[in-house]
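Here is the file entry_35.csv (CSV, N, CA and C atoms).
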```csv
chain,number,residue,atom,x,y,z
A,6,GLU,N,-21.4,34.0,37.7
A,6,GLU,CA,-21.7,33.7,36.3
A,6,GLU,C,-20.5,33.9,35.4
A,7,ASP,N,-19.7,34.9,35.6
A,7,ASP,CA,-18.5,35.2,34.8
A,7,ASP,C,-17.5,34.1,35.0
A,8,THR,N,-17.3,33.6,36.3
A,8,THR,CA,-16.4,32.6,36.6
A,8,THR,C,-16.8,31.3,35.9
A,9,HIS,N,-18.1,31.0,35.9
A,9,HIS,CA,-18.7,29.8,35.3
A,9,HIS,C,-18.3,29.8,33.8
A,10,LEU,N,-18.5,30.9,33.1
A,10,LEU,CA,-18.2,31.0,31.7
A,10,LEU,C,-16.7,30.8,31.4
A,11,ARG,N,-15.9,31.4,32.2
A,11,ARG,CA,-14.4,31.2,32.1
A,11,ARG,C,-14.0,29.8,32.2
A,12,LYS,N,-14.6,29.1,33.2
A,12,LYS,CA,-14.3,27.7,33.4
A,12,LYS,C,-14.8,26.9,32.3
A,13,GLN,N,-15.9,27.2,31.7
A,13,GLN,CA,-16.5,26.5,30.6
A,13,GLN,C,-15.6,26.6,29.3
A,14,ARG,N,-15.1,27.9,29.1
A,14,ARG,CA,-14.2,28.1,28.0
A,14,ARG,C,-12.9,27.4,28.1
A,15,TYR,N,-12.4,27.3,29.4
A,15,TYR,CA,-11.1,26.6,29.7
A,15,TYR,C,-11.3,25.1,29.4
A,16,LEU,N,-12.4,24.5,29.8
A,16,LEU,CA,-12.6,23.1,29.5
A,16,LEU,C,-12.8,22.9,28.0
A,17,CYS,N,-13.4,23.8,27.3
A,17,CYS,CA,-13.6,23.7,25.9
A,17,CYS,C,-12.3,23.7,25.2
A,18,ARG,N,-11.4,24.6,25.6
A,18,ARG,CA,-10.1,24.6,25.0
A,18,ARG,C,-9.3,23.3,25.2
A,19,GLY,N,-9.4,22.8,26.4
A,19,GLY,CA,-8.7,21.5,26.7
A,19,GLY,C,-9.3,20.4,25.9
A,20,GLN,N,-10.5,20.3,25.8
A,20,GLN,CA,-11.1,19.2,25.0
A,20,GLN,C,-10.8,19.4,23.5
A,21,HIS,N,-10.7,20.6,23.0
A,21,HIS,CA,-10.4,20.9,21.7
A,21,HIS,C,-8.9,20.4,21.4
A,22,ALA,N,-8.0,20.7,22.3
A,22,ALA,CA,-6.6,20.3,22.1
A,22,ALA,C,-6.5,18.8,22.2
A,23,ASN,N,-7.3,18.1,23.0
A,23,ASN,CA,-7.2,16.7,23.1
A,23,ASN,C,-7.7,16.0,21.8
A,24,LEU,N,-8.9,16.5,21.3
A,24,LEU,CA,-9.4,15.9,20.1
A,24,LEU,C,-8.5,16.2,18.9
A,25,ARG,N,-7.9,17.4,18.9
A,25,ARG,CA,-7.0,17.7,17.8
A,25,ARG,C,-5.7,16.8,17.8
A,26,ALA,N,-5.2,16.5,19.0
A,26,ALA,CA,-4.1,15.6,19.2
A,26,ALA,C,-4.5,14.2,18.7
A,27,LEU,N,-5.7,13.8,19.0
A,27,LEU,CA,-6.1,12.5,18.6
A,27,LEU,C,-6.2,12.4,17.0
A,28,GLY,N,-6.6,13.5,16.4
A,28,GLY,CA,-6.7,13.6,15.0
A,28,GLY,C,-5.3,13.5,14.4
A,29,VAL,N,-4.3,14.2,14.9
A,29,VAL,CA,-3.0,14.1,14.5
A,29,VAL,C,-2.4,12.7,14.6
A,30,PHE,N,-2.7,12.1,15.8
A,30,PHE,CA,-2.3,10.7,16.1
A,30,PHE,C,-2.9,9.7,15.1
A,31,THR,N,-4.2,9.9,14.8
A,31,THR,CA,-4.8,9.0,13.9
A,31,THR,C,-4.3,9.2,12.4
A,32,THR,N,-4.0,10.4,12.1
A,32,THR,CA,-3.5,10.7,10.8
A,32,THR,C,-2.1,10.0,10.6
A,33,GLY,N,-1.4,9.9,11.7
A,33,GLY,CA,-0.1,9.1,11.7
A,33,GLY,C,-0.4,7.6,11.4
A,34,PHE,N,-1.5,7.1,11.8
A,34,PHE,CA,-1.8,5.7,11.5
A,34,PHE,C,-2.4,5.6,10.1
A,35,PHE,N,-3.0,6.7,9.6
A,35,PHE,CA,-3.6,6.7,8.2
A,35,PHE,C,-2.5,6.5,7.2
A,36,ILE,N,-1.3,7.2,7.4
A,36,ILE,CA,-0.3,7.2,6.3
A,36,ILE,C,0.2,5.8,6.0
A,37,PRO,N,0.5,4.9,6.9
A,37,PRO,CA,0.9,3.5,6.5
A,37,PRO,C,-0.2,2.7,5.8
A,38,THR,N,-1.5,3.1,6.0
A,38,THR,CA,-2.5,2.4,5.3
A,38,THR,C,-2.5,2.6,3.8
A,39,LEU,N,-1.8,3.7,3.3
A,39,LEU,CA,-1.7,4.0,1.9
A,39,LEU,C,-1.0,2.9,1.2
A,40,SER,N,-0.4,2.0,1.9
A,40,SER,CA,0.3,0.8,1.2
A,40,SER,C,-0.4,-0.5,1.6
A,41,LYS,N,-1.6,-0.4,2.2
A,41,LYS,CA,-2.3,-1.7,2.6
A,41,LYS,C,-3.5,-1.9,1.7
A,42,ASN,N,-4.7,-1.5,2.1
A,42,ASN,CA,-5.9,-1.7,1.2
A,42,ASN,C,-6.9,-0.6,1.4
A,43,GLY,N,-7.9,-0.5,0.5
A,43,GLY,CA,-8.8,0.6,0.5
A,43,GLY,C,-9.7,0.6,1.7
A,44,CYS,N,-10.0,-0.6,2.3
A,44,CYS,CA,-10.8,-0.6,3.5
A,44,CYS,C,-10.2,0.1,4.7
A,45,LEU,N,-8.9,-0.2,4.9
A,45,LEU,CA,-8.2,0.4,6.0
A,45,LEU,C,-8.0,1.9,5.8
A,46,MET,N,-7.7,2.2,4.5
A,46,MET,CA,-7.5,3.7,4.2
A,46,MET,C,-8.8,4.4,4.5
A,47,THR,N,-10.0,3.8,4.2
A,47,THR,CA,-11.2,4.5,4.4
A,47,THR,C,-11.5,4.7,5.9
A,48,VAL,N,-11.3,3.6,6.7
A,48,VAL,CA,-11.5,3.7,8.1
A,48,VAL,C,-10.6,4.7,8.8
A,49,PHE,N,-9.3,4.7,8.6
A,49,PHE,CA,-8.4,5.6,9.2
A,49,PHE,C,-8.6,7.0,8.7
A,50,GLY,N,-8.9,7.2,7.4
A,50,GLY,CA,-9.1,8.5,6.8
A,50,GLY,C,-10.3,9.2,7.4
A,51,LEU,N,-11.4,8.4,7.5
A,51,LEU,CA,-12.6,9.0,8.1
A,51,LEU,C,-12.5,9.2,9.6
A,52,LEU,N,-11.7,8.4,10.3
A,52,LEU,CA,-11.5,8.6,11.7
A,52,LEU,C,-10.7,9.8,12.0
A,53,SER,N,-9.7,10.1,11.1
A,53,SER,CA,-9.0,11.3,11.3
A,53,SER,C,-9.9,12.6,11.1
A,54,VAL,N,-10.7,12.5,10.0
A,54,VAL,CA,-11.6,13.6,9.7
A,54,VAL,C,-12.6,13.8,10.8
A,55,THR,N,-13.1,12.7,11.4
A,55,THR,CA,-14.0,12.8,12.5
A,55,THR,C,-13.4,13.5,13.7
A,56,TYR,N,-12.2,13.1,14.1
A,56,TYR,CA,-11.6,13.8,15.2
A,56,TYR,C,-11.4,15.3,15.0
A,57,PHE,N,-10.9,15.7,13.8
A,57,PHE,CA,-10.7,17.1,13.5
A,57,PHE,C,-12.1,17.8,13.5
A,58,LEU,N,-13.1,17.2,13.0
A,58,LEU,CA,-14.4,17.8,13.0
A,58,LEU,C,-14.9,17.9,14.5
A,59,LEU,N,-14.7,16.9,15.3
A,59,LEU,CA,-15.1,17.0,16.7
A,59,LEU,C,-14.3,18.1,17.4
A,60,ALA,N,-13.1,18.3,17.0
A,60,ALA,CA,-12.3,19.4,17.6
A,60,ALA,C,-12.9,20.7,17.2
A,61,GLY,N,-13.3,20.9,16.0
A,61,GLY,CA,-13.9,22.1,15.5
A,61,GLY,C,-15.3,22.2,16.1
A,62,GLY,N,-15.9,21.1,16.4
A,62,GLY,CA,-17.3,21.1,17.0
A,62,GLY,C,-17.3,21.8,18.4
A,63,GLN,N,-16.1,22.0,19.0
A,63,GLN,CA,-16.1,22.7,20.3
A,63,GLN,C,-16.4,24.1,20.1
A,64,TRP,N,-16.3,24.6,18.9
A,64,TRP,CA,-16.5,26.0,18.6
A,64,TRP,C,-17.7,26.3,17.7
A,65,SER,N,-18.1,25.2,16.9
A,65,SER,CA,-19.1,25.4,15.9
A,65,SER,C,-20.1,24.2,15.9
A,66,LYS,N,-21.3,24.4,16.1
A,66,LYS,CA,-22.3,23.4,16.1
A,66,LYS,C,-22.4,22.6,14.8
A,67,SER,N,-22.2,23.3,13.7
A,67,SER,CA,-22.3,22.6,12.4
A,67,SER,C,-21.1,21.6,12.2
A,68,CYS,N,-19.9,21.9,12.8
A,68,CYS,CA,-18.8,20.9,12.7
A,68,CYS,C,-19.2,19.7,13.6
A,69,GLU,N,-19.8,19.9,14.7
A,69,GLU,CA,-20.2,18.8,15.5
A,69,GLU,C,-21.2,17.9,14.8
A,70,VAL,N,-22.2,18.5,14.1
A,70,VAL,CA,-23.1,17.7,13.4
A,70,VAL,C,-22.5,16.9,12.3
A,71,ALA,N,-21.6,17.6,11.5
A,71,ALA,CA,-20.8,16.9,10.4
A,71,ALA,C,-20.0,15.8,11.0
A,72,ALA,N,-19.4,16.0,12.2
A,72,ALA,CA,-18.6,14.9,12.8
A,72,ALA,C,-19.5,13.7,13.1
A,73,GLY,N,-20.7,13.9,13.5
A,73,GLY,CA,-21.6,12.8,13.7
A,73,GLY,C,-21.9,12.0,12.5
A,74,TYR,N,-22.1,12.7,11.3
A,74,TYR,CA,-22.3,12.0,10.1
A,74,TYR,C,-21.1,11.2,9.6
A,75,VAL,N,-19.9,11.9,9.6
A,75,VAL,CA,-18.7,11.3,9.2
A,75,VAL,C,-18.4,10.1,10.1
A,76,GLY,N,-18.6,10.3,11.4
A,76,GLY,CA,-18.3,9.2,12.4
A,76,GLY,C,-19.2,8.0,12.2
A,77,PHE,N,-20.5,8.2,11.7
A,77,PHE,CA,-21.3,7.1,11.4
A,77,PHE,C,-20.8,6.3,10.2
A,78,PHE,N,-20.4,7.0,9.2
A,78,PHE,CA,-19.8,6.3,8.0
A,78,PHE,C,-18.5,5.7,8.4
A,79,CYS,N,-17.7,6.2,9.3
A,79,CYS,CA,-16.5,5.6,9.7
A,79,CYS,C,-16.8,4.3,10.4
A,80,GLY,N,-17.8,4.3,11.3
A,80,GLY,CA,-18.2,3.1,12.0
A,80,GLY,C,-18.7,2.0,11.1
A,81,VAL,N,-19.5,2.4,10.1
A,81,VAL,CA,-20.1,1.4,9.1
A,81,VAL,C,-18.9,0.8,8.3
A,82,SER,N,-18.0,1.7,7.9
A,82,SER,CA,-16.8,1.2,7.1
A,82,SER,C,-15.9,0.3,7.9
A,83,ALA,N,-15.8,0.5,9.2
A,83,ALA,CA,-15.0,-0.3,10.1
A,83,ALA,C,-15.7,-1.7,10.2
A,84,ILE,N,-17.0,-1.7,10.3
A,84,ILE,CA,-17.7,-3.0,10.4
A,84,ILE,C,-17.5,-3.8,9.1
A,85,TYR,N,-17.7,-3.1,7.9
A,85,TYR,CA,-17.5,-3.7,6.6
A,85,TYR,C,-16.0,-4.3,6.5
A,86,THR,N,-15.0,-3.5,7.0
A,86,THR,CA,-13.6,-3.9,6.9
A,86,THR,C,-13.5,-5.2,7.8
A,87,ALA,N,-14.1,-5.3,8.9
A,87,ALA,CA,-14.0,-6.5,9.8
A,87,ALA,C,-14.6,-7.7,9.0
A,88,PHE,N,-15.8,-7.5,8.4
A,88,PHE,CA,-16.3,-8.6,7.7
A,88,PHE,C,-15.5,-9.0,6.5
A,89,ALA,N,-14.9,-8.0,5.8
A,89,ALA,CA,-14.1,-8.3,4.6
A,89,ALA,C,-12.8,-9.1,5.0
A,90,GLU,N,-12.2,-8.7,6.1
A,90,GLU,CA,-11.0,-9.4,6.6
A,90,GLU,C,-11.3,-10.8,7.0
A,91,ILE,N,-12.4,-11.0,7.7
A,91,ILE,CA,-12.8,-12.3,8.2
A,91,ILE,C,-13.2,-13.2,7.0
A,92,TYR,N,-13.9,-12.7,6.1
A,92,TYR,CA,-14.3,-13.5,4.9
A,92,TYR,C,-13.0,-13.9,4.1
A,93,HIS,N,-12.1,-13.0,4.0
A,93,HIS,CA,-10.9,-13.3,3.3
A,93,HIS,C,-10.0,-14.3,4.0
A,94,GLU,N,-9.9,-14.2,5.3
A,94,GLU,CA,-9.0,-15.1,6.1
A,94,GLU,C,-9.7,-16.5,6.2
A,95,SER,N,-11.0,-16.5,6.5
A,95,SER,CA,-11.7,-17.8,6.7
A,95,SER,C,-12.1,-18.5,5.5
A,96,LEU,N,-12.7,-17.8,4.5
A,96,LEU,CA,-13.3,-18.4,3.4
A,96,LEU,C,-12.5,-18.2,2.1
A,97,GLY,N,-11.6,-17.3,2.1
A,97,GLY,CA,-10.8,-17.0,0.9
A,97,GLY,C,-11.6,-16.1,-0.1
A,98,ILE,N,-12.7,-15.5,0.4
A,98,ILE,CA,-13.5,-14.6,-0.5
A,98,ILE,C,-12.9,-13.2,-0.4
A,99,MET,N,-12.6,-12.6,-1.5
A,99,MET,CA,-12.0,-11.2,-1.5
A,99,MET,C,-13.2,-10.2,-1.8
A,100,LEU,N,-13.6,-9.5,-0.8
A,100,LEU,CA,-14.7,-8.5,-1.0
A,100,LEU,C,-14.1,-7.2,-1.5
A,101,PRO,N,-14.9,-6.4,-2.2
A,101,PRO,CA,-14.4,-5.1,-2.7
A,101,PRO,C,-13.7,-4.2,-1.7
A,102,GLY,N,-12.6,-3.6,-2.0
A,102,GLY,CA,-11.9,-2.7,-1.1
A,102,GLY,C,-10.8,-3.4,-0.4
A,103,LEU,N,-10.7,-4.7,-0.4
A,103,LEU,CA,-9.7,-5.4,0.3
A,103,LEU,C,-8.4,-5.7,-0.5
A,104,ARG,N,-8.5,-5.5,-1.8
A,104,ARG,CA,-7.3,-5.7,-2.7
A,104,ARG,C,-6.2,-4.7,-2.3
A,105,PRO,N,-5.0,-5.2,-2.2
A,105,PRO,CA,-3.9,-4.3,-1.8
A,105,PRO,C,-3.7,-3.1,-2.8
A,106,VAL,N,-3.4,-2.0,-2.3
A,106,VAL,CA,-3.1,-0.8,-3.1
A,106,VAL,C,-1.7,-0.4,-2.7
A,107,ARG,N,-1.0,0.4,-3.6
A,107,ARG,CA,0.3,0.9,-3.3
A,107,ARG,C,0.4,2.4,-3.6
A,108,PHE,N,-0.2,3.2,-2.9
A,108,PHE,CA,-0.1,4.6,-3.1
A,108,PHE,C,1.3,5.1,-2.6
A,109,ILE,N,1.8,4.5,-1.6
A,109,ILE,CA,3.2,4.6,-1.2
A,109,ILE,C,3.8,3.3,-1.1
A,110,ILE,N,5.0,3.2,-1.5
A,110,ILE,CA,5.7,1.9,-1.5
A,110,ILE,C,6.7,1.8,-0.3
A,111,PRO,N,6.5,0.9,0.5
A,111,PRO,CA,7.3,0.8,1.7
A,111,PRO,C,8.8,0.4,1.3
A,112,SER,N,9.7,1.1,1.9
A,112,SER,CA,11.1,0.8,1.6
A,112,SER,C,11.6,-0.4,2.4
A,113,ARG,N,12.3,-1.2,1.7
A,113,ARG,CA,12.9,-2.4,2.4
A,113,ARG,C,14.3,-2.3,2.5
A,114,PRO,N,14.9,-2.6,3.7
A,114,PRO,CA,16.3,-2.4,3.9
A,114,PRO,C,17.1,-3.5,3.1
```

Could you rewrite the structure in this file as structure tokens?
Amino acid sequence: EDTHLRKQRYLCRGQHANLRALGVFTTGFFIPTLSKNGCLMTVFGLLSVTYFLLAGGQWSKSCEVAAGYVGFFCGVSAIYTAFAEIYHESLGIMLPGLRPVRFIIPSRP
């Protein structure tokens, strides 16, 4: 029994580290979206929060539940972003959230 609990804690720590690393990695992708549009900012921001909540969910059930809700909204916003991008490219219709924003201005050499 004691060996089983130690093994379970070891696996939990590994999964926590993996999810935390994915959160950091996704946050790295979120930063460039600050100069793109609101749709992409929403998707990558929510995805980063989802990964960090999932990492916390290894230790707290409430974090895991919150990650489920945030992940759902992330998925819905990703579907909306896909529709908005396709409508803009194919039909020239600009849906809300697709207009470019400039929270950070990219430097040009």

**Q.** Distance in Å - atom C of Ser67 in chain A versus CA of Gly102 in chain A
**A.**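 Those two atoms sit 29.2 Å apart.
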
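Compared by their closest atoms to Pro105 in chain A, and using all atoms listed in the file, the residues A:Lys41, A:Thr32, A:Ala22, A:Leu58 rank with A:Lys41 nearest.
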
If you count only N, CA and C atoms, the residue of A:Thr31, A:Gln63, A:Thr86, A:Ser95 closest to Gly43 in chain A turns out to be A:Thr86

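Using only C-alpha atoms, the protein and nucleic acid residues lying no more than 12 Å from Gly33 in chain A, apart from those fewer than 4 places from it along its own chain, are Ala26, Leu27, Gly28, Val29, Pro37, Thr38, Leu39, Met46, Phe49, Gly50, Leu52 and Ser53 of chain A.
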
For range 72-84 of chain A, work out the shell of residues within 6.5 Å, counting only N, CA and C atoms and skipping chain neighbours fewer than 3 positions away, then give it as an mmCIF file with N, CA and C atoms, in the frame of the given file.
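Saved to part10.cif:
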```
data_model
loop_
_atom_site.group_PDB
_atom_site.id
_atom_site.type_symbol
_atom_site.label_atom_id
_atom_site.label_comp_id
_atom_site.auth_asym_id
_atom_site.auth_seq_id
_atom_site.Cartn_x
_atom_site.Cartn_y
_atom_site.Cartn_z
ATOM 1 N N THR A 47 -10.000 3.800 4.200
ATOM 2 C CA THR A 47 -11.200 4.500 4.400
ATOM 3 C C THR A 47 -11.500 4.700 5.900
ATOM 4 N N VAL A 48 -11.300 3.600 6.700
ATOM 5 C CA VAL A 48 -11.500 3.700 8.100
ATOM 6 C C VAL A 48 -10.600 4.700 8.800
ATOM 7 N N LEU A 51 -11.400 8.400 7.500
ATOM 8 C CA LEU A 51 -12.600 9.000 8.100
ATOM 9 C C LEU A 51 -12.500 9.200 9.600
ATOM 10 N N LEU A 52 -11.700 8.400 10.300
ATOM 11 C CA LEU A 52 -11.500 8.600 11.700
ATOM 12 C C LEU A 52 -10.700 9.800 12.000
ATOM 13 N N VAL A 54 -10.700 12.500 10.000
ATOM 14 C CA VAL A 54 -11.600 13.600 9.700
ATOM 15 C C VAL A 54 -12.600 13.800 10.800
ATOM 16 N N THR A 55 -13.100 12.700 11.400
ATOM 17 C CA THR A 55 -14.000 12.800 12.500
ATOM 18 C C THR A 55 -13.400 13.500 13.700
ATOM 19 N N LEU A 58 -13.100 17.200 13.000
ATOM 20 C CA LEU A 58 -14.400 17.800 13.000
ATOM 21 C C LEU A 58 -14.900 17.900 14.500
ATOM 22 N N LEU A 59 -14.700 16.900 15.300
ATOM 23 C CA LEU A 59 -15.100 17.000 16.700
ATOM 24 C C LEU A 59 -14.300 18.100 17.400
ATOM 25 N N SER A 67 -22.200 23.300 13.700
ATOM 26 C CA SER A 67 -22.300 22.600 12.400
ATOM 27 C C SER A 67 -21.100 21.600 12.200
ATOM 28 N N CYS A 68 -19.900 21.900 12.800
ATOM 29 C CA CYS A 68 -18.800 20.900 12.700
ATOM 30 C C CYS A 68 -19.200 19.700 13.600
ATOM 31 N N GLU A 69 -19.800 19.900 14.700
ATOM 32 C CA GLU A 69 -20.200 18.800 15.500
ATOM 33 C C GLU A 69 -21.200 17.900 14.800
ATOM 34 N N ALA A 87 -14.100 -5.300 8.900
ATOM 35 C CA ALA A 87 -14.000 -6.500 9.800
ATOM 36 C C ALA A 87 -14.600 -7.700 9.000
ATOM 37 N N PHE A 88 -15.800 -7.500 8.400
ATOM 38 C CA PHE A 88 -16.300 -8.600 7.700
ATOM 39 C C PHE A 88 -15.500 -9.000 6.500
ATOM 40 N N ALA A 89 -14.900 -8.000 5.800
ATOM 41 C CA ALA A 89 -14.100 -8.300 4.600
ATOM 42 C C ALA A 89 -12.800 -9.100 5.000
#
```

Which value, in Å to one decimal, gives the distance between CA of Leu103 in chain A and CA of Glu90 in chain A?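 CA of Glu90 in chain A lies at a distance of 7.6 Å from CA of Leu103 in chain A.
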
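Nearest residue to Arg107 in chain A, choosing from A:Ser40, A:Gly19, A:Tyr56, A:Arg25 and counting only N, CA and C atoms: A:Ser40.
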
*asked:* Between CA of Tyr85 in chain A and atom C of Lys66 in chain A, what distance in Å does the model show, to one decimal?
replied: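 Those two atoms sit 28.0 Å apart.
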